[in-house]
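Peer 1: Below is the file query_25.txt, with compact mmCIF, C-alpha atoms and all ligand atoms.
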```txt
# COMPACT_ATOMS: atom_id res chain seq x y z
CA MET A 1 -37.03 6.52 -49.68
CA PRO A 2 -36.00 3.10 -48.36
CA ARG A 3 -35.63 3.00 -44.59
CA ARG A 4 -32.16 2.28 -43.37
CA ALA A 5 -31.87 -1.01 -41.56
CA LYS A 6 -31.52 -0.54 -37.82
CA ASN A 7 -27.96 -1.02 -36.59
CA LEU A 8 -28.22 -4.06 -34.34
CA TRP A 9 -24.57 -4.05 -33.26
CA PRO A 10 -24.70 -1.75 -30.20
CA ALA A 11 -27.37 -3.97 -28.62
CA ARG A 12 -25.53 -7.16 -29.60
CA ARG A 13 -22.33 -5.79 -28.11
CA ARG A 14 -23.96 -4.82 -24.83
CA SER A 15 -25.58 -8.20 -24.48
CA ALA A 16 -22.31 -10.01 -25.27
CA VAL A 17 -20.46 -7.88 -22.69
CA GLU A 18 -23.02 -8.95 -20.07
CA THR A 19 -22.51 -12.59 -21.06
CA ALA A 20 -18.73 -12.11 -20.80
CA GLU A 21 -19.07 -10.70 -17.26
CA ALA A 22 -21.30 -13.61 -16.28
CA LEU A 23 -18.72 -16.07 -17.68
CA VAL A 24 -15.99 -14.50 -15.51
CA SER A 25 -18.12 -14.61 -12.37
CA ALA A 26 -19.00 -18.28 -13.01
CA ASN A 27 -15.37 -19.29 -13.61
CA GLY A 28 -13.22 -18.19 -10.71
CA ASN A 29 -14.20 -14.52 -10.57
CA SER A 30 -10.71 -13.25 -9.80
CA PHE A 31 -7.67 -11.68 -11.47
CA PRO A 32 -5.97 -12.92 -13.60
CA VAL A 33 -9.12 -14.19 -15.28
CA ASN A 34 -8.88 -17.93 -16.00
CA LEU A 35 -9.45 -18.01 -19.75
CA GLY A 36 -8.91 -21.78 -19.92
CA ARG A 37 -11.94 -22.46 -17.69
CA ILE A 38 -14.09 -19.96 -19.56
CA ALA A 39 -13.05 -21.56 -22.87
CA GLU A 40 -14.13 -24.99 -21.59
CA SER A 41 -17.52 -23.63 -20.63
CA ARG A 42 -17.91 -22.31 -24.21
CA SER A 43 -17.34 -25.75 -25.79
CA ILE A 44 -13.79 -24.81 -26.81
CA HIS A 45 -12.07 -28.18 -26.68
CA ARG A 46 -8.52 -27.07 -27.33
CA ILE A 47 -6.35 -23.94 -27.33
CA GLU A 48 -3.44 -24.60 -29.64
CA PHE A 49 -0.39 -22.45 -30.27
CA LYS A 50 1.11 -22.70 -33.74
CA PRO A 51 2.69 -20.54 -36.46
CA LEU A 52 -0.10 -18.57 -38.20
CA LEU A 53 -0.37 -15.63 -40.57
CA THR A 54 -2.83 -13.86 -38.22
CA GLU A 55 -2.75 -13.42 -34.44
CA GLY A 56 -5.33 -16.14 -33.91
CA GLY A 57 -8.31 -18.00 -35.26
CA LEU A 58 -11.39 -19.98 -34.30
CA ALA A 59 -12.18 -23.29 -35.97
CA VAL A 60 -15.75 -24.56 -35.81
CA GLN A 61 -16.02 -28.32 -35.38
CA ASN A 62 -18.95 -30.68 -35.15
CA ASP A 63 -19.07 -30.54 -31.37
CA GLY A 64 -17.56 -27.16 -30.54
CA PHE A 65 -14.50 -25.06 -31.29
CA ILE A 66 -10.70 -24.96 -31.37
CA ILE A 67 -8.78 -21.73 -30.78
CA TYR A 68 -5.47 -21.23 -32.58
CA VAL A 69 -2.91 -18.72 -31.27
CA LYS A 70 0.11 -17.53 -33.22
CA CYS A 71 3.61 -18.40 -32.02
CA ASN A 72 7.06 -18.88 -33.51
CA PRO A 73 7.95 -22.21 -35.17
CA GLY A 74 9.09 -24.71 -32.56
CA ASP A 75 7.23 -23.15 -29.60
CA GLY A 76 3.77 -24.59 -30.33
CA ASP A 77 3.76 -27.79 -28.24
CA ASP A 78 5.48 -26.17 -25.27
CA PHE A 79 3.17 -23.13 -25.15
CA THR A 80 0.05 -25.27 -25.69
CA THR A 81 1.00 -27.46 -22.71
CA ARG A 82 1.88 -24.49 -20.53
CA PHE A 83 -1.48 -22.82 -21.19
CA VAL A 84 -3.42 -25.98 -20.38
CA GLU A 85 -1.59 -26.28 -17.04
CA ASP A 86 -3.25 -23.32 -15.32
CA GLY A 87 -5.59 -21.72 -17.85
CA THR A 88 -4.13 -18.23 -17.37
CA GLY A 89 -0.88 -18.45 -19.32
CA SER A 90 1.11 -17.35 -16.26
CA THR A 91 4.04 -19.61 -17.19
CA LEU A 92 4.30 -18.38 -20.79
CA PRO A 93 7.31 -16.19 -21.60
CA GLU A 94 6.86 -12.55 -20.65
CA ASN A 95 6.98 -11.34 -24.25
CA VAL A 96 4.20 -13.77 -25.25
CA VAL A 97 1.70 -13.83 -22.41
CA HIS A 98 -0.15 -10.52 -22.88
CA ARG A 99 -0.68 -10.87 -26.60
CA ALA A 100 -1.69 -14.54 -26.23
CA ARG A 101 -4.23 -13.73 -23.51
CA PHE A 102 -5.77 -10.96 -25.58
CA THR A 103 -5.97 -13.20 -28.65
CA ILE A 104 -7.59 -16.04 -26.68
CA ALA A 105 -10.10 -13.63 -25.09
CA HIS A 106 -10.89 -12.24 -28.57
CA GLU A 107 -11.52 -15.73 -29.96
CA ILE A 108 -13.69 -16.68 -26.95
CA ALA A 109 -15.66 -13.51 -27.74
CA HIS A 110 -16.32 -14.83 -31.27
CA THR A 111 -18.02 -17.91 -29.80
CA LEU A 112 -20.63 -15.65 -28.17
CA PHE A 113 -21.99 -14.97 -31.65
CA TYR A 114 -22.65 -18.68 -32.22
CA ASP A 115 -25.60 -20.76 -31.13
CA THR A 116 -23.83 -23.56 -29.26
CA GLY A 117 -27.13 -25.40 -28.75
CA SER A 118 -26.96 -26.64 -32.33
CA LEU A 119 -24.37 -29.08 -33.63
CA PRO A 120 -22.17 -27.89 -35.25
CA PRO A 121 -22.41 -24.43 -33.64
CA ARG A 122 -24.24 -22.05 -35.93
CA LEU A 123 -23.37 -18.37 -36.48
CA LYS A 124 -26.22 -16.23 -35.13
CA VAL A 125 -25.37 -13.02 -37.01
CA ARG A 126 -25.35 -12.33 -40.72
CA LEU A 127 -21.96 -11.28 -42.05
CA ASP A 128 -22.79 -10.36 -45.60
CA ASP A 129 -20.78 -7.19 -46.00
CA ARG A 130 -17.56 -5.60 -44.84
CA ALA A 131 -19.32 -3.28 -42.40
CA SER A 132 -20.82 -6.16 -40.42
CA THR A 133 -17.51 -8.08 -40.40
CA ARG A 134 -15.82 -4.96 -39.06
CA SER A 135 -18.56 -4.44 -36.44
CA LEU A 136 -18.08 -8.04 -35.32
CA GLU A 137 -14.29 -7.60 -34.97
CA LEU A 138 -14.68 -4.35 -32.99
CA ALA A 139 -17.28 -6.01 -30.77
CA CYS A 140 -14.95 -8.97 -30.13
CA ASN A 141 -12.14 -6.58 -29.14
CA GLU A 142 -14.41 -4.85 -26.63
CA ILE A 143 -15.70 -8.18 -25.30
CA ALA A 144 -12.09 -9.39 -24.96
CA GLY A 145 -11.49 -6.30 -22.81
CA SER A 146 -14.47 -7.17 -20.62
CA LEU A 147 -13.29 -10.75 -20.22
CA LEU A 148 -9.79 -9.65 -19.16
CA LEU A 149 -10.82 -6.56 -17.16
CA PRO A 150 -14.50 -7.01 -16.22
CA GLU A 151 -16.15 -4.03 -14.57
CA PRO A 152 -17.62 -5.95 -11.60
CA LEU A 153 -14.13 -7.23 -10.67
CA LEU A 154 -12.59 -3.77 -11.17
CA ARG A 155 -15.19 -2.32 -8.82
CA ARG A 156 -14.60 -5.07 -6.27
CA ASP A 157 -10.77 -5.07 -6.29
CA PHE A 158 -9.68 -1.64 -7.55
CA SER A 159 -12.25 0.90 -6.38
CA ASN A 160 -9.71 2.56 -4.07
CA GLU A 161 -6.92 2.89 -6.64
CA GLU A 162 -6.00 6.31 -7.94
CA PHE A 163 -5.72 5.71 -11.63
CA VAL A 164 -4.34 9.21 -12.17
CA LEU A 165 -1.01 7.60 -11.28
CA PRO A 166 0.88 5.41 -13.75
CA GLU A 167 1.92 3.03 -10.93
CA ALA A 168 -1.74 2.23 -10.25
CA LEU A 169 -2.34 1.44 -13.92
CA ARG A 170 0.74 -0.80 -13.88
CA ARG A 171 -0.56 -2.66 -10.80
CA LEU A 172 -3.80 -3.29 -12.65
CA ALA A 173 -1.99 -4.50 -15.80
CA ASP A 174 0.19 -6.87 -13.72
CA THR A 175 -2.71 -8.20 -11.63
CA ALA A 176 -4.92 -8.80 -14.67
CA MET A 177 -1.97 -10.07 -16.72
CA VAL A 178 -2.60 -7.77 -19.66
CA SER A 179 -0.53 -5.22 -21.59
CA CYS A 180 -0.57 -1.55 -20.64
CA GLN A 181 -2.18 -0.89 -24.02
CA THR A 182 -5.12 -3.16 -23.10
CA VAL A 183 -5.53 -1.37 -19.75
CA VAL A 184 -5.64 2.09 -21.34
CA ARG A 185 -8.01 0.98 -24.12
CA ARG A 186 -10.28 -0.53 -21.49
CA PHE A 187 -10.67 2.84 -19.76
CA GLN A 188 -12.27 4.17 -22.98
CA GLN A 189 -15.00 1.53 -22.73
CA LEU A 190 -15.88 1.44 -19.04
CA ARG A 191 -19.47 2.36 -18.31
CA LYS A 192 -19.88 2.09 -14.55
CA PHE A 193 -16.29 2.40 -13.32
CA SER A 194 -15.44 6.10 -13.34
CA HIS A 195 -12.63 7.43 -15.50
CA PRO A 196 -9.98 9.35 -13.53
CA GLU A 197 -9.81 13.08 -14.27
CA ALA A 198 -6.71 12.58 -16.37
CA ILE A 199 -5.26 11.62 -19.72
CA LEU A 200 -3.99 8.01 -19.66
CA ALA A 201 -1.56 6.77 -22.28
CA SER A 202 0.41 3.67 -23.07
CA ILE A 203 3.53 4.26 -25.11
CA ALA A 204 6.05 2.10 -26.94
CA ARG A 205 9.70 2.76 -27.61
CA GLN A 206 10.55 3.37 -31.25
CA ASP A 207 14.23 4.17 -31.87
CA THR A 208 14.84 7.26 -29.73
CA ASP A 209 11.17 8.27 -29.52
CA TRP A 210 8.14 7.03 -27.58
CA ILE A 211 4.96 6.51 -29.62
CA ILE A 212 1.44 6.56 -28.15
CA THR A 213 -0.19 3.11 -28.53
CA ALA A 214 -3.43 3.83 -26.64
CA LEU A 215 -4.95 6.97 -25.20
CA SER A 216 -7.94 7.53 -22.94
CA ARG A 217 -9.17 10.94 -21.82
CA HIS A 218 -11.56 12.03 -19.11
CA TYR A 219 -14.52 13.70 -20.87
CA SER A 220 -13.49 17.10 -19.50
CA LEU A 221 -10.10 16.80 -21.25
CA ARG A 222 -11.39 15.80 -24.68
CA GLY A 223 -10.03 18.80 -26.57
CA VAL A 224 -6.81 19.11 -24.60
CA PHE A 225 -3.50 18.23 -26.34
CA ALA A 226 -5.61 17.35 -29.39
CA ALA A 227 -2.54 16.49 -31.49
CA ALA A 228 -1.79 13.56 -29.16
CA LYS A 229 -3.24 10.47 -30.81
CA VAL A 230 -2.46 6.81 -31.24
CA GLY A 231 0.58 6.70 -33.53
CA SER A 232 1.91 10.13 -32.61
CA SER A 233 4.94 10.92 -30.46
CA VAL A 234 4.55 11.45 -26.72
CA LYS A 235 6.04 14.90 -27.47
CA MET A 236 2.56 15.93 -28.65
CA MET A 237 1.71 16.04 -24.94
CA VAL A 238 4.96 16.82 -23.22
CA ASP A 239 8.20 18.09 -24.79
CA ASP A 240 10.16 19.14 -21.72
CA PRO A 241 13.76 17.84 -22.19
CA ASP A 242 13.96 17.25 -18.42
CA PHE A 243 11.26 14.55 -18.68
CA VAL A 244 12.66 11.06 -18.29
CA LEU A 245 11.10 9.88 -21.56
CA LEU A 246 12.93 12.59 -23.45
CA GLY A 247 16.33 11.86 -21.96
CA GLY A 248 16.02 13.93 -18.76
CA GLU A 249 15.82 12.83 -15.15
CA MET A 250 12.39 14.08 -14.03
CA ARG A 251 9.58 11.56 -13.63
CA GLU A 252 7.03 14.35 -13.41
CA VAL A 253 6.90 17.56 -15.42
CA GLY A 254 4.28 20.20 -16.12
CA ALA A 255 3.01 21.20 -19.56
CA LYS A 256 0.90 24.28 -20.31
CA TYR A 257 -2.43 24.15 -22.08
CA SER A 258 -5.46 26.37 -22.40
CA GLY A 259 -8.49 25.31 -20.42
CA HIS A 260 -12.03 26.70 -20.42
CA GLY A 261 -12.19 30.25 -21.72
CA GLU A 262 -8.53 30.09 -22.83
CA LYS A 263 -7.45 30.03 -19.19
CA ALA A 264 -3.78 29.02 -18.90
CA MET A 265 -3.60 25.65 -17.15
CA THR A 266 -0.89 23.16 -16.30
CA MET A 267 -1.07 19.41 -16.85
CA GLN A 268 1.21 17.38 -14.63
CA PHE A 269 2.59 14.46 -16.64
CA ALA A 270 4.03 11.46 -14.82
CA CYS A 271 5.83 8.40 -16.12
CA GLU A 272 6.15 5.13 -14.25
CA LEU A 273 9.41 4.01 -12.67
CA GLY A 274 11.90 1.73 -14.35
CA ILE A 275 11.42 2.61 -17.99
CA GLY A 276 15.09 1.93 -18.69
CA THR A 277 14.53 -1.62 -19.88
CA ARG A 278 10.89 -1.40 -20.88
CA ARG A 279 9.72 -1.43 -24.46
CA SER A 280 6.32 -0.09 -23.41
CA ALA A 281 5.29 2.12 -20.52
CA LEU A 282 2.48 4.12 -18.95
CA VAL A 283 2.10 7.88 -18.72
CA THR A 284 -0.64 9.95 -17.12
CA GLY A 285 -1.43 13.65 -17.24
CA ARG A 286 -3.58 15.32 -14.61
CA PRO A 287 -4.70 18.94 -14.46
CA VAL A 288 -3.09 20.91 -11.64
CA ARG A 289 -5.67 22.55 -9.42
CA GLU A 290 -5.15 26.28 -8.99
CA ILE A 291 -5.41 27.18 -5.32
ZN ZN B 301 -11.74 -11.75 -34.74
```
Output the file's structure in the form of structure tokens.
Ligand SMILES: [Zn+2]
Peer 2:
Amino acid sequence: MPRRAKNLWPARRRSAVETAEALVSANGNSFPVNLGRIAESRSIHRIEFKPLLTEGGLAVQNDGFIIYVKCNPGDGDDFTTRFVEDGTGSTLPENVVHRARFTIAHEIAHTLFYDTGSLPPRLKVRLDDRASTRSLELACNEIAGSLLLPEPLLRRDFSNEEFVLPEALRRLADTAMVSCQTVVRRFQQLRKFSHPEAILASIARQDTDWIITALSRHYSLRGVFAAAKVGSSVKMMVDDPDFVLLGGEMREVGAKYSGHGEKAMTMQFACELGIGTRRSALVTGRPVREI
């Protein structure tokens, strides 16, 4: 029987994550991470906003790269200039900045799979089937997360935060200048920074409902509220009509679930303040300790 080729992607991903962390520490080492400076150090000569069919793209040139980021017609020159000004995108419109930063981080991640010692840069990995293209894209999403929310910086600046509270997750999202979805997804990937004993979710408003856009569970809560998934309604976790997300006035409500040995337990769900005008928000659920 032919031996299956060894999957090289986990090792490639780990090594690229380490490179990403080193790039952050060599280029400012603070939140919000300065993607412009990191891009320069990766031979990315220009970050250009323009109308595109995809969120972004990387063009390989003779002496380096250009990153393209999607925007609406007419905004390209303005956004390109604004991003160059400070390298973080802090002056971009609020509805643009998070997506743009994630896209730029994702495209920077792609450059880590090129040998920049050769001119033009040469792809170091073989992409000869759909599985390897998909592995590369997933790796670049994870590396984008480590560029925007690197573990060493989280440990330095946020080790005292209680991420069982939605306000703490919001502070992190604001400080790192990322969406709440990116923050929650990041908690699924962290290796050294401990996951709070909670379920963390980002949600987005859809008509009268709130839909889960990212979900991260502490390992001890893996099987709890199993119907709650990305794409499902927040009601899969909490359906109390008094809860603010469901039209009530309570920011915190309890929901019953069965714990170890079918023991009846309560999960305390909390939603952040000020959801009235938000299109996306953060929710956490933490088990209530029986005294
Ligand atoms: Zn990509």
Peer 1: Produce as a ChimeraX atom specification the set of residues near ligand ZN 301 (chain B), where near means within 9 Å with only C-alpha atoms and all ligand atoms considered.
Peer 2: /A:56-58,103,106-107,109-110,133,136-141
Peer 1: Which residue out of A:Asp78, A:Glu48, A:Glu55, A:Asp63 has the minimum interatomic distance to Leu119 in chain A when all atoms listed in the file are used?
Peer 2: A:Asp63
Peer 1: May I have the residues within 10 Å of Gly247 in chain A as a VMD selection string, using only C-alpha atoms and disregarding those fewer than 6 positions away in the same chain?
Peer 2: chain A and resid 208 to 209 240 to 241
Peer 1: What is the CA of Ser135 in chain A-CA of Trp9 in chain A distance in Å, reported with one decimal?
Peer 2: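 CA of Trp9 in chain A lies 6.8 Å from CA of Ser135 in chain A.
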Peer 1: At what distance in Å, to one decimal, does CA of Asn34 in chain A lie from CA of Val283 in chain A?
Peer 2: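 According to the coordinates, CA of Val283 in chain A and CA of Asn34 in chain A are separated by 28.2 Å.
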Peer 1: Of the candidates A:Lys50, A:Lys70, A:Arg13, A:His98, which shows the shortest atom-to-atom distance to Gln181 in chain A, using all atoms listed in the file?
Peer 2: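 Distance minimum relative to Gln181 in chain A lands on A:His98.
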Peer 1: At a cut-off of 6 Å around the point (1.6, -20.7, -21.8) (file coordinates), what residues fall inside when counting only C-alpha atoms? I'd like the answer as a list in words.
Peer 2: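 Applying the cut-off with only C-alpha atoms, one gets Phe79, Arg82, Phe83, Gly89, Thr91 and Leu92 of chain A.
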Peer 1: Emit the selected residues as a PDB file, in the frame of the given file, including C-alpha atoms.
Peer 2:
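File written: selection24.pdb
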```
ATOM      1  CA  PHE A  79       3.170 -23.130 -25.150  1.00  0.00           C
ATOM      2  CA  ARG A  82       1.880 -24.490 -20.530  1.00  0.00           C
ATOM      3  CA  PHE A  83      -1.480 -22.820 -21.190  1.00  0.00           C
ATOM      4  CA  GLY A  89      -0.880 -18.450 -19.320  1.00  0.00           C
ATOM      5  CA  THR A  91       4.040 -19.610 -17.190  1.00  0.00           C
ATOM      6  CA  LEU A  92       4.300 -18.380 -20.790  1.00  0.00           C
TER       7      LEU A  92
END
```
Peer 1: Pick out the residues sitting within 12 Å of Ala168 in chain A, and hand them over as a VMD selection string; count all atoms listed in the file, and ignore anything fewer than 6 positions along from it in its own chain.
Peer 2: chain A and resid 158 to 162 174 to 175 180 183 to 184 196 200 270 to 273 282 to 284
Peer 1: Can you pull out every residue within 9 Å of Leu149 in chain A, counting all atoms listed in the file, but drop anything in the same chain fewer than 5 positions away, and send it as a ChimeraX atom specification?
Peer 2: /A:31-33,144,154,172,176,178,182-183,186
Peer 1: Go ahead and compute the interatomic distance for CA of Ala131 in chain A and CA of Ala227 in chain A, in Å to one decimal.
Peer 2: 28.1 Å
Peer 1: For Glu142 in chain A, which residue out of A:Met265, A:Leu190, A:Val230, A:Ala59 is the nearest one, using all atoms listed in the file?
Peer 2: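 Checking each of A:Met265, A:Leu190, A:Val230, A:Ala59 against Glu142 in chain A, counting all atoms listed in the file, the winner is A:Leu190.
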Peer 1: Using all atoms listed in the file, which residues sit within 12 Å of Leu245 in chain A once same-chain residues fewer than 4 positions away are excluded, as a ChimeraX atom specification?
Peer 2: /A:203-206,208-211,233-235,237-241,249-253,269-276,278-283
Peer 1: So, with all atoms listed in the file as the atoms that count, which of A:Phe243, A:Phe49, A:Tyr68, A:Phe113 lies closest to Gln268 in chain A?
Peer 2: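 For Gln268 in chain A, the nearest of the candidates is A:Phe243.
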Peer 1: What lies within 10 Å of Arg37 in chain A using only C-alpha atoms, ignoring chain neighbours under 2 positions off, as a list of chain:residue names?
Peer 2: A:Leu23, A:Val24, A:Ala26, A:Asn27, A:Gly28, A:Val33, A:Asn34, A:Leu35, A:Ala39, A:Glu40, A:Ser41, A:Arg42, A:Ile44, A:Val84, A:Asp86, A:Gly87, A:Thr88
Peer 1: From the list A:Ser216, A:Thr116, A:Ser258, A:Ser30, which residue is nearest Gln189 in chain A when using all atoms listed in the file?
Peer 2: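 Closest residue, counting all atoms listed in the file: A:Ser216.
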Peer 1: With all atoms listed in the file as the basis for distance, which of A:Gly254, A:Gly259, A:Pro93, A:Gly64 is at the shortest distance from Arg222 in chain A?
Peer 2: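 Once distances to Arg222 in chain A are computed over all atoms listed in the file, the minimum belongs to A:Gly259.
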Peer 1: With 12 Å as the threshold, what does the neighbourhood of (-9.7, 26.7, -25.7) contain in terms of residues, counting all atoms listed in the file? Coordinates are those of the file; answer as a list of chain:residue names.
Peer 2: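 Residues close enough to count: A:Leu221, A:Arg222, A:Gly223, A:Val224, A:Phe225, A:Ala226, A:Tyr257, A:Ser258, A:Gly259, A:His260, A:Gly261, A:Glu262, A:Lys263, A:Ala264, A:Met265.
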